[in-house]
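Here is the structure we will look at.
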There are 4 protein chains.
Amino acid sequence: MYIDKEEMKQKNSKREAIIEAAVKVFAKKGFYNAKVNDVAKAAGVADGTIYLYFKNKDDLLINLFEDKMDHILNRFAAGLQNIHDPIEKLKTFIHVYFTLIEEDQQLAEVFQVELRQSAKFLKDYHNQKFLDYLNIIAGIVDEGKREGFFRPTLHTDIIKLMIFGAIDEVARQWILGADDKYSLEQASQELSRTIVDGLLAS
Amino acid sequence: MYIDKEEMKQKNSKREAIIEAAVKVFAKKGFYNAKVNDVAKAAGVADGTIYLYFKNKDDLLINLFEDKMDHILNRFAAGLQNIHDPIEKLKTFIHVYFTLIEEDQQLAEVFQVELRQSAKFLKDYHNQKFLDYLNIIAGIVDEGKREGFFRPTLHTDIIKLMIFGAIDEVARQWILGADDKYSLEQASQELSRTIVDGLLAS
Amino acid sequence: MYIDKEEMKQKNSKREAIIEAAVKVFAKKGFYNAKVNDVAKAAGVADGTIYLYFKNKDDLLINLFEDKMDHILNRFAAGLQNIHDPIEKLKTFIHVYFTLIEEDQQLAEVFQVELRQSAKFLKDYHNQKFLDYLNIIAGIVDEGKREGFFRPTLHTDIIKLMIFGAIDEVARQWILGADDKYSLEQASQELSRTIVDGLLAS
Amino acid sequence: MYIDKEEMKQKNSKREAIIEAAVKVFAKKGFYNAKVNDVAKAAGVADGTIYLYFKNKDDLLINLFEDKMDHILNRFAAGLQNIHDPIEKLKTFIHVYFTLIEEDQQLAEVFQVELRQSAKFLKDYHNQKFLDYLNIIAGIVDEGKREGFFRPTLHTDIIKLMIFGAIDEVARQWILGADDKYSLEQASQELSRTIVDGLLAS
DNA sequence: AATGAATGAGATTTCATTCAT
DNA sequence: CATGAATGAAATCTCATTCAT
């Protein structure tokens with residue numbers, strides 16, 4: 001029994017190690033410029049080992065995405081659990097987002113930059129986790145409409161993208177260091193205020 | 001005299017043809033999956049010809065970006081020329097943006113998807129044209145603050161990114177066809193109203 | 001233990017195989033006209049394998065040169081080991097030279113013809129092994145002067161080149177088959193006699 | 001009439017210009033690394049123009065060689081014209097050789113380095129001019145034998161190569177600047193003395 | 001005769017993936 | 001399970017040569 005557990009841990013830990021290495025390497029070099037061997041070296045395994053855990057390089061990126069997205073979705077679920085006011089929910093959503101960005105900037109970079117890149121990921125690959133993520137926002141917006149906080153005429157499909165895009169871009173530029181003119185805390189406040197104001201029923 | 005003109009046109013037209021072909025091909029296959037030979041065939045020239053006009057594949061992408069960005073910046077300048085009310089300016093900006101997207105969807109796809117991908121473009125390559133573009137938004141926001149329309153406490157560096165991100169994401173998803181639930185006209189209206197409301201001084 | 005040895009042998013044997021193949025192919029086609037794929041085929045490996053052992057085509061030529069030069073220098077050292085008379089040493093040097101030429105005519109051709117060609121080898125690439133080689137001759141000449149056999153006024157720096165050039169050219173033309181009018185044995189005798197006579201103190 | 005002459009001069013001067021440019025460029029970069037366009041630029045003509053005067057790049061090198069060799073052969077003929085003593089002839093030959101080297105070091109470099117390079121030139125291309133050149137030496141040696149100055153047993157075919165190689169190598173190293181330890185004048189003296197001593201009948 | 005833009009065959013080199021150990 | 005040497009398809013880029021002007 002404990003052996004199985006050990007082995008499971010080993011197994012997991014090797015798969016994990018590869019994903020963590022991939023996050024680092026993809027963040028630094030970009031997916032297309034990163035070599036499988038770079039990831040292998042960073043993970044402390046042989047090239048071939050990666051193919052024991054992942055079908056190919058694309059599959060590694062997909063698995064990385066799904067794994068990390070699970071974690072992110074859990075974090076949002078946890079953060080929003082005990083909040084009932086849609087306005088507070090929206091503010092919390094933004095806050096959790098920036099907290100995640102700050103916690104793991106390399107992961108953030110992969111999400112912000114690399115996942116945008118390939119047709120594979122934004123077009124061909126049907127991205128349920130990303131839809132789940134957008135639906136958190138949609139849920140909050142719909143709730144706000146239902147409860148009379150937000151304009152009832154809001155087109156949720158557009159608004160959810162708008163909110164996501166706004167947060168995402170501010171985060172991306174912070175990550176890229178193009179703007180060290182603002183802190184994530186400032187950004188969080190500014191975005192919350194402006195977005196909420198934009199949605200409020202008059 | 002007319003010969004010089006002719007030749008100029010010829011010359012330009014070959015460079016132009018390559019760039020137009022690159023837009024098509026990059027939009028369809030993505031930058032990294034597009035072969036130089038694909039671009040050459042699409043442009044009706046030989047592989048080598050591309051290297052007479054561009055240093056290498058990266059350089060082609062950079063030139064494509066700069067050329068097209070010039071056009072875009074001109075379009076914004078023209079569109080905003082005779083408008084003085086900052087609120088109207090913002091609405092017009094959004095409208096012009098979506099008009100451009102609609103006019104050339106392939107170009108839009110390259111800008112919205114492919115240009116996000118390479119470290120070259122978002123990090124290494126210092127991107128003056130993109131800054132110019134963001135500064136159009138910043139200018140409108142600052143004007144609105146000065147003239148008392150918008151909250152004077154707005155942090156322009158954050159707000160400009162927020163606005164850009166919001167518009168950009170809505171446009172991207174429309175391009176990618178993930179959402180055929182809305183028209184660009186609807187999106188334009190919805191964004192204008194929401195963003196302006198978010199910025200207004202109470 | 002024997003496994004390590006085996007592996008070493010294997011490893012060496014692949015690097016070796018590539019170098020031997022390169023000698024054959026460069027001799028036949030010339031360095032610039034030889035394709036990497038020609039070498040790969042001759043060595044019975046894939047193109048890519050060559051790049052596991054050598055940085056690029058130039059590096060292969062350099063390594064070939066250094067490896068073979070080591071062997072050649074050893075042969076000279078061995079041949080001259082037990083000889084003390086400078087005149088005998090000179091004769092032996094010439095004899096060993098022609099023996100090496102005869103033993104491996106393809107290698108000789110690469111050394112005599114191909115290595116002369118690229119700026120890399122005669123100018124840019126700093127060529128310690130070749131200097132070592134010339135210094136064998138210089139050593140013999142100096143010894144001969146010191147011991148009163150050779151004219152004490154000989155300018156060793158010139159004489160060593162003269163001797164090398166004389167031997168080298170006779171060998172080259174024999175290799176190129178331009179002159180099948182003489183055997184290497186004849187050439188060896190003729191050169192020995194003439195050079196020694198030229199150096200002798202009167 | 002005078003127009004034809006003019007044109008002839010023009011014609012010659014363009015062909016000449018290309019050859020002179022080729023000497024410069026080949027000397028600097030080596031034949032294989034020199035681009036036709038490099039030669040064209042150096043000659044102040046268009047790429048295509050070179051093909052009006054020469055069949056291809058190889059043909060340019062061959063023509064360069066033949067032209068220059070004619071000049072060289074003439075110089076030797078002139079220098080040796082009024083000398084009858086074979087020993088003096090040999091000394092003069094060496095002296096003329098070094099004078100030519102000194103007069104045009106770039107040409108020398110092409111002859112010394114580049115012409116050695118391609119199978120085309122030392123094997124395939126049947127090189128009458130080079131044989132003519134070697135035969136000047138052979139003629140002197142034979143004369144010396146006939147007149148009793150040199151050992152009658154000398155194998156002229158070997159000796160001519162030996163003499164050529166000795167002179168050539170000393171010249172080459174001087175060109176390459178590897179040895180700035182000696183002047184060409186010194187070299188000339190040293191070689192003359194040593195070679196003549198080596199050949200003398202005892 | 002001269003030009004030089006255009007060609008396109010072909011060479012080097014890379015790197016994801018495999019498989020014998 | 002793990003390795004990493006070997007593979008070889010495929011991509012970028014070069015450059016001698018052509019040919020319409």
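Following the order of the structure tokens, chains are lettered A, B, ..., residues in each are numbered from 1, and ligands are numbered from 1.
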Chain A contacts to chain B at 6 Å (only C-alpha atoms) as a PDB file with N, CA and C atoms, in the first residue's frame:
ATOM      1  N   GLU A 114       1.960  32.928 -24.151  1.00  0.00           N
ATOM      2  CA  GLU A 114       2.159  31.748 -24.979  1.00  0.00           C
ATOM      3  C   GLU A 114       0.859  31.090 -25.401  1.00  0.00           C
ATOM      4  N   GLN A 117      -0.842  32.041 -28.579  1.00  0.00           N
ATOM      5  CA  GLN A 117      -0.077  32.052 -29.795  1.00  0.00           C
ATOM      6  C   GLN A 117      -0.561  31.143 -30.905  1.00  0.00           C
ATOM      7  N   LEU A 161     -16.427  39.117 -21.986  1.00  0.00           N
ATOM      8  CA  LEU A 161     -15.156  39.234 -22.730  1.00  0.00           C
ATOM      9  C   LEU A 161     -14.492  40.568 -22.436  1.00  0.00           C
ATOM     10  N   MET A 162     -15.314  41.594 -22.356  1.00  0.00           N
ATOM     11  CA  MET A 162     -14.803  42.919 -22.062  1.00  0.00           C
ATOM     12  C   MET A 162     -14.085  42.928 -20.702  1.00  0.00           C
ATOM     13  N   GLY A 165     -10.943  40.800 -20.920  1.00  0.00           N
ATOM     14  CA  GLY A 165      -9.924  41.500 -21.708  1.00  0.00           C
ATOM     15  C   GLY A 165      -9.290  42.642 -20.940  1.00  0.00           C
ATOM     16  N   ALA A 166     -10.081  43.386 -20.267  1.00  0.00           N
ATOM     17  CA  ALA A 166      -9.572  44.532 -19.507  1.00  0.00           C
ATOM     18  C   ALA A 166      -8.583  44.076 -18.433  1.00  0.00           C
ATOM     19  N   GLU A 169      -5.320  42.394 -20.004  1.00  0.00           N
ATOM     20  CA  GLU A 169      -4.343  43.278 -20.636  1.00  0.00           C
ATOM     21  C   GLU A 169      -3.537  44.036 -19.595  1.00  0.00           C
ATOM     22  N   VAL A 170      -4.208  44.519 -18.577  1.00  0.00           N
ATOM     23  CA  VAL A 170      -3.498  45.219 -17.501  1.00  0.00           C
ATOM     24  C   VAL A 170      -2.493  44.274 -16.851  1.00  0.00           C
ATOM     25  N   THR A 194     -13.876  51.054 -11.951  1.00  0.00           N
ATOM     26  CA  THR A 194     -14.301  51.448 -13.289  1.00  0.00           C
ATOM     27  C   THR A 194     -15.266  50.440 -13.903  1.00  0.00           C
ATOM     28  N   ILE A 195     -14.970  49.168 -13.749  1.00  0.00           N
ATOM     29  CA  ILE A 195     -15.842  48.147 -14.323  1.00  0.00           C
ATOM     30  C   ILE A 195     -17.204  48.160 -13.634  1.00  0.00           C
ATOM     31  N   ASP A 197     -18.650  50.569 -12.019  1.00  0.00           N
ATOM     32  CA  ASP A 197     -19.367  51.783 -12.442  1.00  0.00           C
ATOM     33  C   ASP A 197     -19.974  51.625 -13.831  1.00  0.00           C
ATOM     34  N   GLY A 198     -19.233  50.966 -14.690  1.00  0.00           N
ATOM     35  CA  GLY A 198     -19.712  50.791 -16.056  1.00  0.00           C
ATOM     36  C   GLY A 198     -20.943  49.898 -16.142  1.00  0.00           C
TER      37      GLY A 198
END
Would you superpose chain C on chain B, least squares on all C-alpha atoms in order, and hand back the fitted chain as a compact mmCIF listing (two decimals) with C-alpha atoms, in the first residue's frame?
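Wrote it out as result.txt, contents follow:
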# COMPACT_ATOMS: atom_id res chain seq x y z
CA MET C 1 9.21 60.59 -65.40
CA TYR C 2 6.30 58.22 -65.82
CA ILE C 3 8.82 55.43 -65.98
CA ASP C 4 10.11 56.27 -62.54
CA LYS C 5 6.58 56.32 -61.30
CA GLU C 6 5.84 53.02 -62.95
CA GLU C 7 8.93 51.47 -61.48
CA MET C 8 8.12 52.81 -58.09
CA LYS C 9 4.70 51.34 -58.37
CA GLN C 10 6.16 48.02 -59.53
CA LYS C 11 8.65 47.96 -56.77
CA ASN C 12 6.12 48.87 -54.16
CA SER C 13 3.65 46.47 -55.61
CA LYS C 14 6.02 43.52 -55.17
CA ARG C 15 6.87 44.40 -51.60
CA GLU C 16 3.19 45.04 -51.04
CA ALA C 17 2.22 41.78 -52.65
CA ILE C 18 4.51 39.89 -50.30
CA ILE C 19 3.10 41.62 -47.27
CA GLU C 20 -0.47 40.99 -48.36
CA ALA C 21 0.36 37.36 -48.99
CA ALA C 22 1.99 37.12 -45.58
CA VAL C 23 -1.14 38.49 -43.94
CA LYS C 24 -3.22 35.83 -45.65
CA VAL C 25 -0.86 32.99 -44.88
CA PHE C 26 -0.01 33.96 -41.32
CA ALA C 27 -3.71 34.39 -40.59
CA LYS C 28 -4.47 30.95 -41.91
CA LYS C 29 -1.57 28.93 -40.56
CA GLY C 30 -0.02 31.03 -37.87
CA PHE C 31 3.41 32.60 -38.08
CA TYR C 32 5.41 29.60 -36.93
CA ASN C 33 3.52 27.09 -38.98
CA ALA C 34 3.60 29.20 -42.12
CA LYS C 35 6.47 28.38 -44.45
CA VAL C 36 8.30 31.08 -46.33
CA ASN C 37 7.44 29.11 -49.42
CA ASP C 38 3.74 29.42 -48.58
CA VAL C 39 4.08 33.16 -48.54
CA ALA C 40 6.08 33.14 -51.75
CA LYS C 41 3.50 31.06 -53.55
CA ALA C 42 0.67 33.21 -52.27
CA ALA C 43 2.52 36.29 -53.48
CA GLY C 44 3.35 34.72 -56.81
CA VAL C 45 7.08 35.16 -56.39
CA ALA C 46 10.03 32.89 -55.79
CA ASP C 47 11.25 32.13 -52.31
CA GLY C 48 14.41 34.11 -52.86
CA THR C 49 12.49 37.22 -53.86
CA ILE C 50 11.20 37.59 -50.33
CA TYR C 51 14.77 37.93 -49.17
CA LEU C 52 15.32 40.84 -51.54
CA TYR C 53 12.76 42.82 -49.62
CA PHE C 54 13.08 41.45 -46.10
CA LYS C 55 16.05 40.27 -44.10
CA ASN C 56 14.34 37.10 -42.92
CA LYS C 57 11.02 35.70 -41.83
CA ASP C 58 10.98 37.66 -38.57
CA ASP C 59 11.79 40.84 -40.44
CA LEU C 60 8.84 40.21 -42.72
CA LEU C 61 6.53 40.03 -39.72
CA ILE C 62 7.99 43.20 -38.25
CA ASN C 63 7.61 45.08 -41.51
CA LEU C 64 4.10 43.79 -41.92
CA PHE C 65 3.32 45.08 -38.46
CA GLU C 66 4.87 48.49 -38.97
CA ASP C 67 3.29 49.03 -42.36
CA LYS C 68 -0.15 48.06 -41.24
CA MET C 69 0.16 49.92 -37.99
CA ASP C 70 0.93 53.09 -39.94
CA HIS C 71 -2.24 52.63 -41.89
CA ILE C 72 -4.21 52.00 -38.72
CA LEU C 73 -2.81 55.03 -36.94
CA ASN C 74 -3.71 57.16 -39.94
CA ARG C 75 -7.23 55.84 -39.91
CA PHE C 76 -7.61 56.75 -36.27
CA ALA C 77 -6.16 60.19 -36.86
CA ALA C 78 -8.54 60.76 -39.75
CA GLY C 79 -11.52 59.45 -37.83
CA LEU C 80 -10.88 61.58 -34.76
CA GLN C 81 -9.86 64.72 -36.63
CA ASN C 82 -13.01 66.75 -36.39
CA ILE C 83 -14.35 65.54 -33.10
CA HIS C 84 -13.78 67.55 -29.98
CA ASP C 85 -15.93 66.01 -27.31
CA PRO C 86 -13.82 63.36 -25.49
CA ILE C 87 -16.82 61.12 -25.03
CA GLU C 88 -17.55 61.23 -28.72
CA LYS C 89 -13.89 60.62 -29.39
CA LEU C 90 -13.92 57.48 -27.30
CA LYS C 91 -17.02 56.20 -29.03
CA THR C 92 -15.51 56.97 -32.41
CA PHE C 93 -12.28 55.25 -31.45
CA ILE C 94 -14.16 52.10 -30.62
CA HIS C 95 -16.21 52.36 -33.77
CA VAL C 96 -13.18 52.86 -36.00
CA TYR C 97 -11.50 49.92 -34.30
CA PHE C 98 -14.33 47.57 -35.10
CA THR C 99 -14.64 48.95 -38.61
CA LEU C 100 -11.00 48.13 -39.25
CA ILE C 101 -11.50 44.65 -37.86
CA GLU C 102 -14.45 44.10 -40.12
CA GLU C 103 -12.71 45.50 -43.19
CA ASP C 104 -9.77 43.15 -43.02
CA GLN C 105 -10.40 40.14 -40.90
CA GLN C 106 -7.24 38.36 -41.96
CA LEU C 107 -5.09 41.26 -40.93
CA ALA C 108 -7.07 41.40 -37.74
CA GLU C 109 -6.32 37.79 -37.06
CA VAL C 110 -2.60 38.33 -37.51
CA PHE C 111 -2.71 41.30 -35.18
CA GLN C 112 -5.02 39.73 -32.66
CA VAL C 113 -3.55 36.28 -32.54
CA GLU C 114 -0.24 35.86 -34.27
CA LEU C 115 1.46 39.01 -33.16
CA ARG C 116 0.77 38.06 -29.57
CA GLN C 117 2.82 34.98 -29.87
CA SER C 118 6.45 35.59 -30.28
CA ALA C 119 8.66 36.90 -27.55
CA LYS C 120 10.08 39.00 -30.35
CA PHE C 121 6.96 41.08 -30.52
CA LEU C 122 5.75 41.48 -27.03
CA LYS C 123 9.06 41.59 -25.24
CA ASP C 124 12.26 41.87 -27.21
CA TYR C 125 11.14 44.02 -30.09
CA HIS C 126 10.65 47.55 -28.92
CA ASN C 127 7.36 48.52 -30.15
CA GLN C 128 6.94 52.25 -30.69
CA LYS C 129 3.93 51.95 -32.95
CA PHE C 130 1.98 50.08 -30.33
CA LEU C 131 2.81 52.74 -27.79
CA ASP C 132 1.62 55.42 -30.22
CA TYR C 133 -1.57 53.52 -30.50
CA LEU C 134 -2.10 53.24 -26.77
CA ASN C 135 -1.35 56.94 -26.49
CA ILE C 136 -4.32 57.80 -28.64
CA ILE C 137 -6.47 56.30 -25.92
CA ALA C 138 -4.42 57.92 -23.19
CA GLY C 139 -4.84 61.29 -24.92
CA ILE C 140 -8.59 60.97 -25.00
CA VAL C 141 -8.74 59.91 -21.37
CA ASP C 142 -6.54 62.79 -20.25
CA GLU C 143 -8.60 65.24 -22.24
CA GLY C 144 -11.77 63.92 -20.67
CA LYS C 145 -10.27 64.33 -17.23
CA ARG C 146 -9.09 67.85 -17.95
CA GLU C 147 -12.43 68.91 -19.28
CA GLY C 148 -14.31 67.49 -16.33
CA PHE C 149 -16.10 64.69 -18.14
CA PHE C 150 -14.13 61.87 -16.56
CA ARG C 151 -13.15 61.26 -12.97
CA PRO C 152 -10.03 63.32 -12.33
CA THR C 153 -8.58 60.54 -10.19
CA LEU C 154 -8.36 58.06 -13.09
CA HIS C 155 -4.93 56.52 -13.43
CA THR C 156 -4.48 56.96 -17.18
CA ASP C 157 -1.74 54.34 -17.53
CA ILE C 158 -4.06 51.69 -16.18
CA ILE C 159 -7.21 52.95 -17.85
CA LYS C 160 -5.70 53.04 -21.32
CA LEU C 161 -4.71 49.39 -21.01
CA MET C 162 -8.06 48.48 -19.64
CA ILE C 163 -9.85 50.10 -22.55
CA PHE C 164 -7.51 48.58 -25.07
CA GLY C 165 -7.80 45.15 -23.49
CA ALA C 166 -11.56 45.27 -23.37
CA ILE C 167 -11.96 46.24 -27.00
CA ASP C 168 -9.22 43.93 -28.13
CA GLU C 169 -10.60 40.83 -26.45
CA VAL C 170 -14.09 41.35 -27.75
CA ALA C 171 -12.65 41.82 -31.21
CA ARG C 172 -10.42 38.76 -30.92
CA GLN C 173 -13.18 36.43 -29.92
CA TRP C 174 -15.31 37.75 -32.75
CA ILE C 175 -12.47 37.07 -35.16
CA LEU C 176 -11.91 33.61 -33.81
CA GLY C 177 -15.56 32.95 -34.31
CA ALA C 178 -15.84 31.54 -30.84
CA ASP C 179 -18.70 33.91 -30.42
CA ASP C 180 -20.98 34.41 -33.30
CA LYS C 181 -23.53 35.43 -30.77
CA TYR C 182 -22.96 39.11 -31.33
CA SER C 183 -22.35 41.50 -34.20
CA LEU C 184 -19.55 43.99 -34.15
CA GLU C 185 -22.14 46.74 -34.21
CA GLN C 186 -23.69 45.40 -31.02
CA ALA C 187 -20.28 45.02 -29.47
CA SER C 188 -19.37 48.56 -30.38
CA GLN C 189 -22.50 49.95 -28.72
CA GLU C 190 -22.15 47.84 -25.63
CA LEU C 191 -18.50 48.67 -25.12
CA SER C 192 -18.98 52.38 -25.71
CA ARG C 193 -21.77 52.63 -23.24
CA THR C 194 -20.07 50.56 -20.57
CA ILE C 195 -16.66 52.13 -20.84
CA VAL C 196 -17.95 55.67 -20.90
CA ASP C 197 -20.17 54.99 -17.91
CA GLY C 198 -17.19 53.56 -16.10
CA LEU C 199 -15.15 56.67 -16.65
CA LEU C 200 -17.72 59.38 -16.06
CA ALA C 201 -17.35 61.79 -13.20
CA SER C 202 -20.31 61.21 -10.93
Set out as CSV a contact list for chain F and chain A with a cut-off of 9 Å, giving each residue of chain F that qualifies its closest atom pair and distance in Å to one decimal, counting only C-alpha atoms (C1' of nucleotides), ordered by chain and rising residue number.
residue,atom,partner,partner_atom,distance
F:DC1,C1',A:Leu52,CA,8.6
F:DA2,C1',A:Thr49,CA,6.3
F:DT3,C1',A:Ala46,CA,6.0
F:DG4,C1',A:Ala46,CA,6.5
For those residues, write N, CA, C and O atoms (P, O5', C5', C4', C3', O3' and C1' of nucleotides) to a file as a CSV table (one decimal), in the first residue's frame.
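Saved to out.csv:
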chain,number,residue,atom,x,y,z
F,1,DC,P,4.9,4.1,-14.3
F,1,DC,O5',6.0,4.1,-15.3
F,1,DC,C5',6.9,3.0,-15.5
F,1,DC,C4',8.3,3.5,-15.0
F,1,DC,C3',8.7,4.8,-15.6
F,1,DC,O3',9.5,5.5,-14.7
F,1,DC,C1',10.2,3.1,-16.2
F,2,DA,P,10.0,6.9,-14.9
F,2,DA,O5',11.4,6.6,-15.6
F,2,DA,C5',12.5,6.2,-14.9
F,2,DA,C4',13.8,6.3,-15.7
F,2,DA,C3',13.9,7.6,-16.5
F,2,DA,O3',15.1,8.2,-16.1
F,2,DA,C1',14.2,5.8,-17.9
F,3,DT,P,15.7,9.5,-16.7
F,3,DT,O5',16.5,8.9,-17.9
F,3,DT,C5',17.6,8.1,-17.6
F,3,DT,C4',18.3,7.6,-18.9
F,3,DT,C3',18.7,8.8,-19.9
F,3,DT,O3',20.1,8.8,-19.9
F,3,DT,C1',17.6,7.0,-21.0
F,4,DG,P,20.8,10.2,-19.9
F,4,DG,O5',21.3,10.3,-21.3
F,4,DG,C5',21.8,9.0,-22.0
F,4,DG,C4',21.7,9.2,-23.5
F,4,DG,C3',21.8,10.7,-23.9
F,4,DG,O3',22.4,10.7,-25.3
F,4,DG,C1',19.8,9.8,-24.7
Which residues of chain E come within 9 Å of chain B, and what is each one's closest atom pair and distance in Å (one decimal), counting only C-alpha atoms (C1' of nucleotides), sorted by chain and residue number, as CSV?
residue,atom,partner,partner_atom,distance
E:DA5,C1',B:Thr49,CA,8.5
E:DA6,C1',B:Thr49,CA,6.4
E:DT7,C1',B:Ala46,CA,6.3
E:DG8,C1',B:Ala46,CA,6.8
Selection from above, N, CA, C and O atoms (P, O5', C5', C4', C3', O3' and C1' of nucleotides), as an mmCIF file, in the first residue's frame, can you write it?
data_model
loop_
_atom_site.group_PDB
_atom_site.id
_atom_site.type_symbol
_atom_site.label_atom_id
_atom_site.label_comp_id
_atom_site.auth_asym_id
_atom_site.auth_seq_id
_atom_site.Cartn_x
_atom_site.Cartn_y
_atom_site.Cartn_z
ATOM 1 P P DA E 5 17.962 45.784 -58.218
ATOM 2 O "O5'" DA E 5 16.538 45.107 -58.475
ATOM 3 C "C5'" DA E 5 15.773 45.487 -59.627
ATOM 4 C "C4'" DA E 5 14.876 44.330 -60.037
ATOM 5 C "C3'" DA E 5 14.234 43.571 -58.883
ATOM 6 O "O3'" DA E 5 12.952 43.154 -59.339
ATOM 7 C "C1'" DA E 5 15.686 42.106 -60.068
ATOM 8 P P DA E 6 12.006 42.340 -58.402
ATOM 9 O "O5'" DA E 6 12.289 40.849 -58.871
ATOM 10 C "C5'" DA E 6 11.977 40.510 -60.226
ATOM 11 C "C4'" DA E 6 12.361 39.069 -60.471
ATOM 12 C "C3'" DA E 6 11.899 38.079 -59.403
ATOM 13 O "O3'" DA E 6 11.023 37.139 -60.029
ATOM 14 C "C1'" DA E 6 14.199 37.737 -59.963
ATOM 15 P P DT E 7 10.423 35.943 -59.209
ATOM 16 O "O5'" DT E 7 11.459 34.795 -59.543
ATOM 17 C "C5'" DT E 7 11.742 34.518 -60.918
ATOM 18 C "C4'" DT E 7 12.846 33.486 -61.013
ATOM 19 C "C3'" DT E 7 12.576 32.226 -60.194
ATOM 20 O "O3'" DT E 7 12.500 31.127 -61.090
ATOM 21 C "C1'" DT E 7 14.789 33.004 -59.873
ATOM 22 P P DG E 8 11.427 30.025 -60.944
ATOM 23 O "O5'" DG E 8 12.319 28.907 -60.242
ATOM 24 C "C5'" DG E 8 13.555 28.523 -60.828
ATOM 25 C "C4'" DG E 8 14.359 27.752 -59.804
ATOM 26 C "C3'" DG E 8 13.510 26.909 -58.828
ATOM 27 O "O3'" DG E 8 14.251 25.749 -58.496
ATOM 28 C "C1'" DG E 8 14.812 28.392 -57.617
#
>> For the helix (DSSP H, G or I) assignment from backbone DSSP, which residues of stretch 19-60 of chain C qualify? Please present them as a PyMOL selection string.
In response: chain C and resi 19-29+36-43+47-53+57-60
>> Just the number, please: distance in Å from atom C1' of E:DT14 to atom C1' of F:DT14, one decimal.
In response: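 Answer for the atom C1' of E:DT14 to atom C1' of F:DT14 separation: 17.5 Å.
Interatomic distance, atom C1' of E:DC19 to atom C1' of F:DA9: 17.9 Å.
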